[in-house]
Amino acid sequence: MKIRFVNPSELFHSHGPVVRQHPLSDYYDHDEIGISTYLQVLPSIALYGFKYAVPISKSRKILDGNFRAFCAEELGIKVPVIICKNNAENRSRLNYKLLWIIRKLVGKKYLFKRKWKNPRFNKKFARVLSYCIFQKNILNEVDETPYKKQLKVLFIFDIAGVGADLADYINRNNFGVAYVVHREQFDRFYMTRSFGYNIVPRCSVKKFILIVIKQLLFFKPEIVHINAWSKAVLFTKIFAPKSKIIIQFHGTDLRGKKIPWYVKLFSNKILVSTKDLLRKKTIYMGVPLGD
Amino acid sequence: MIKIEALFTRTYPIDKLKEAINFCQENNLKLTVINRISDFPINTIPHKQFLKLLKCFDYYLDLKGLTTSDVLSRSGLEALRAGCKVLVDTGEIITDFKMTSPDDYVKLYFELFESSK
């Protein structure tokens with residue numbers, strides 16, 4: 001089996017107008033299937049491209065993945081397609097085959113292709129890089145701000161989108177340069193990944209610690225904002241001793257537990273995102289909402 | 001025509017679907033339920049699309065076992081900003097909430113930075 005890239009309009013027009021069933025048309029029940037699946041599929045394809053190919057028969061009839069083909073047509077992307085010869089009716093077996101092929105051949109290449117082409121991603125990434133090398137913002141003209149200096153802020157972990165929203169706010173208003181280091185496993189609702197300059201790898205804990213240490217050594221942040229992960233205080237103190245440490249707890253991180261001794265000792269401020277978590281020497285700061 | 005509908009998202013560890021159904025039956029509201037966690041990682045609704053969805057509803061049921069008039073979840077806050085009324089676990093319906101702006105955080109960063117000099 002070979003993977004080919006086909007224009008989605010070719011797939012639909014080969015069978016005439018009858019086969020064309022748009023997810024938002026009257027054919028589907030709006031409450032149950034139509035809107036919800038369509039809303040889930042479209043943004044994920046826009047962000048990450050295709051993970052699985054669309055199986056089609058020899059007569060170019062779509063066997064599985066009708067929604068995805070419609071999304072591709074709206075986004076103007078070509079669809080990766082596999083023409084099935086045998087066992088086309090046995091869906092589960094076929095899907096297993098497709099998964100294997102995509103992982104081996106196309107998978108990761110195609111994923112990253114789209115991300116690098118994204119102009120927004122490139123611009124913001126270049127901005128952070130330029131600041132690291134030349135110590136000033138080259139791409140954007142600096143507006144007048146109430147503050148004299150531009151800060152370098154690093155967010156470790158991102159819970160309830162606090163880090164991503166704050167980093168975006170700081171970057172947009174020229175208060176400084178900021179980005180988030182987070183694990184993909186915990187970014188359930190694509191909050192952190194929606195901003196291209198944030199670092200969100202899919203990795204184990206050990207690898208993630210190495211990545212964080214690398215950021216601390218090379219970015220040299222003036223302020224480190226840690227969300228929930230209290231052990232991160234220890235290695236920020238070791239690898240970036242001059243930077244100020246802020247730690248913020250959200251809900252179950254602190255509910256029914258004690259604040260660890262090293263957090264009290266090394267952190268400069270301890271924040272709490274809900275009022276029921278307030279204790280001695282903690283400050284209440286709610287969850288900020290982005291635009 | 002104005003729609004009077006309610007939205008409820010199922011989360012873990014506490015599932016309060018029964019209470020959501022009871023509230024909607026008492027007040028004659030049409031309920032829509034979204035499984036945000038159980039379908040992870042394939043069928044989750046991304047955050048940006050969720051904000052657009054919230055604007056279609058009048059009520060958001062923020063039932064997570066711990067929410068009060070002082071304690072709201074992130075999606076509860078987003079719902080308030082989108083113009084929904086929010087039901088919390090204590091039975092109150094909230095329309096106003098004092099939110100912290102990102103500017104407060106920036107002030108705190110600069111205060112900390114200048115205090116070190």
# chains A, B, ... in the order shown; residues from 1 in each chain; ligands from 1

call {"tool": "interface_residues", "arguments": {"of": "chain B", "to": "chain A", "cutoff": "6 Å", "atoms": "only C-alpha atoms", "output": "PyMOL selection string"}}
result
chain B and resi 45-47+71+100-102

call {"tool": "write_last_selection", "arguments": {"atoms": "N, CA, C and O atoms", "output": "PDB file, in the first residue's frame"}}
result
ATOM      1  N   ILE B  45     -12.606  18.562  23.150  1.00  0.00           N
ATOM      2  CA  ILE B  45     -12.870  19.835  22.480  1.00  0.00           C
ATOM      3  C   ILE B  45     -11.772  20.814  22.886  1.00  0.00           C
ATOM      4  O   ILE B  45     -11.578  21.058  24.073  1.00  0.00           O
ATOM      5  N   PRO B  46     -11.041  21.382  21.939  1.00  0.00           N
ATOM      6  CA  PRO B  46      -9.986  22.318  22.296  1.00  0.00           C
ATOM      7  C   PRO B  46     -10.535  23.562  22.989  1.00  0.00           C
ATOM      8  O   PRO B  46     -11.704  23.906  22.814  1.00  0.00           O
ATOM      9  N   HIS B  47      -9.661  24.223  23.743  1.00  0.00           N
ATOM     10  CA  HIS B  47     -10.060  25.343  24.574  1.00  0.00           C
ATOM     11  C   HIS B  47     -10.720  26.464  23.762  1.00  0.00           C
ATOM     12  O   HIS B  47     -11.764  26.991  24.142  1.00  0.00           O
ATOM     13  N   VAL B  71     -15.176  30.255  45.096  1.00  0.00           N
ATOM     14  CA  VAL B  71     -14.273  29.337  44.394  1.00  0.00           C
ATOM     15  C   VAL B  71     -14.928  28.871  43.090  1.00  0.00           C
ATOM     16  O   VAL B  71     -15.952  28.193  43.121  1.00  0.00           O
ATOM     17  N   THR B 100      -9.058  38.400  38.727  1.00  0.00           N
ATOM     18  CA  THR B 100      -7.732  39.033  38.719  1.00  0.00           C
ATOM     19  C   THR B 100      -7.269  39.190  37.275  1.00  0.00           C
ATOM     20  O   THR B 100      -7.365  38.247  36.494  1.00  0.00           O
ATOM     21  N   SER B 101      -6.766  40.373  36.979  1.00  0.00           N
ATOM     22  CA  SER B 101      -6.310  40.620  35.604  1.00  0.00           C
ATOM     23  C   SER B 101      -4.841  40.219  35.485  1.00  0.00           C
ATOM     24  O   SER B 101      -4.116  40.191  36.483  1.00  0.00           O
ATOM     25  N   PRO B 102      -4.370  39.911  34.284  1.00  0.00           N
ATOM     26  CA  PRO B 102      -2.948  39.581  34.106  1.00  0.00           C
ATOM     27  C   PRO B 102      -2.014  40.734  34.469  1.00  0.00           C
ATOM     28  O   PRO B 102      -0.845  40.518  34.761  1.00  0.00           O
TER      29      PRO B 102
END

call {"tool": "residues_around", "arguments": {"residues": "Gly83 of chain B", "least_positions_apart": "6", "cutoff": "10 Å", "atoms": "only C-alpha atoms", "output": "PyMOL selection string"}}
result
chain B and resi 54-60+95-96

call {"tool": "select_by_dssp", "arguments": {"residues": "chain B", "states": "alpha helix (DSSP H)", "output": "ChimeraX atom specification"}}
result
/B:17-26,47-54,74-81,102-115

call {"tool": "residues_around", "arguments": {"residues": "Gly76 of chain B", "least_positions_apart": "2", "cutoff": "9 Å", "atoms": "only C-alpha atoms", "output": "list in words"}}
result
Tyr60, Leu61, Asp62, Leu72, Ser73, Arg74, Glu78, Ala79, Leu80, Arg81, Val86, Leu87 and Val88 of chain B

call {"tool": "select_by_dssp", "arguments": {"residues": "chain B", "states": "strand (DSSP E)", "output": "list in words"}}
result
Glu5, Ala6, Leu7, Phe8, Thr9, Arg10, Lys30, Leu31, Thr32, Val33, Ile34, Asn35, Tyr59, Tyr60, Leu61, Lys85, Val86, Leu87, Ile93 and Ile94 of chain B

call {"tool": "atom_distance", "arguments": {"atom1": "atom CA of Asn35 of chain B", "atom2": "atom CA of Asp64 of chain A"}}
result
23.4 Å

call {"tool": "atom_distance", "arguments": {"atom1": "atom CA of Gly163 of chain A", "atom2": "atom CA of Val180 of chain A"}}
result
6.2 Å

call {"tool": "atom_distance", "arguments": {"atom1": "atom CA of Ala46 of chain A", "atom2": "atom CA of Ala72 of chain A"}}
result
8.5 Å

call {"tool": "residues_around", "arguments": {"residues": "Ile83 of chain A", "least_positions_apart": "6", "cutoff": "9 Å", "atoms": "only C-alpha atoms", "output": "number ranges by chain"}}
result
A: 1-4, 54-58, 60

call {"tool": "residues_around", "arguments": {"residues": "Glu184 of chain A", "least_positions_apart": "3", "cutoff": "6 Å", "atoms": "only C-alpha atoms", "output": "list in words"}}
result
Asp187, Val200, Pro201 and Arg202 of chain A

call {"tool": "residues_around", "arguments": {"residues": "Lys18 of chain B", "least_positions_apart": "3", "cutoff": "12 Å", "atoms": "only C-alpha atoms", "output": "list in words"}}
result
Phe8, Arg10, Ile14, Asp15, Ile21, Asn22, Phe23, Cys24, Gln25, Leu31, Val33, Leu61 and Leu63 of chain B
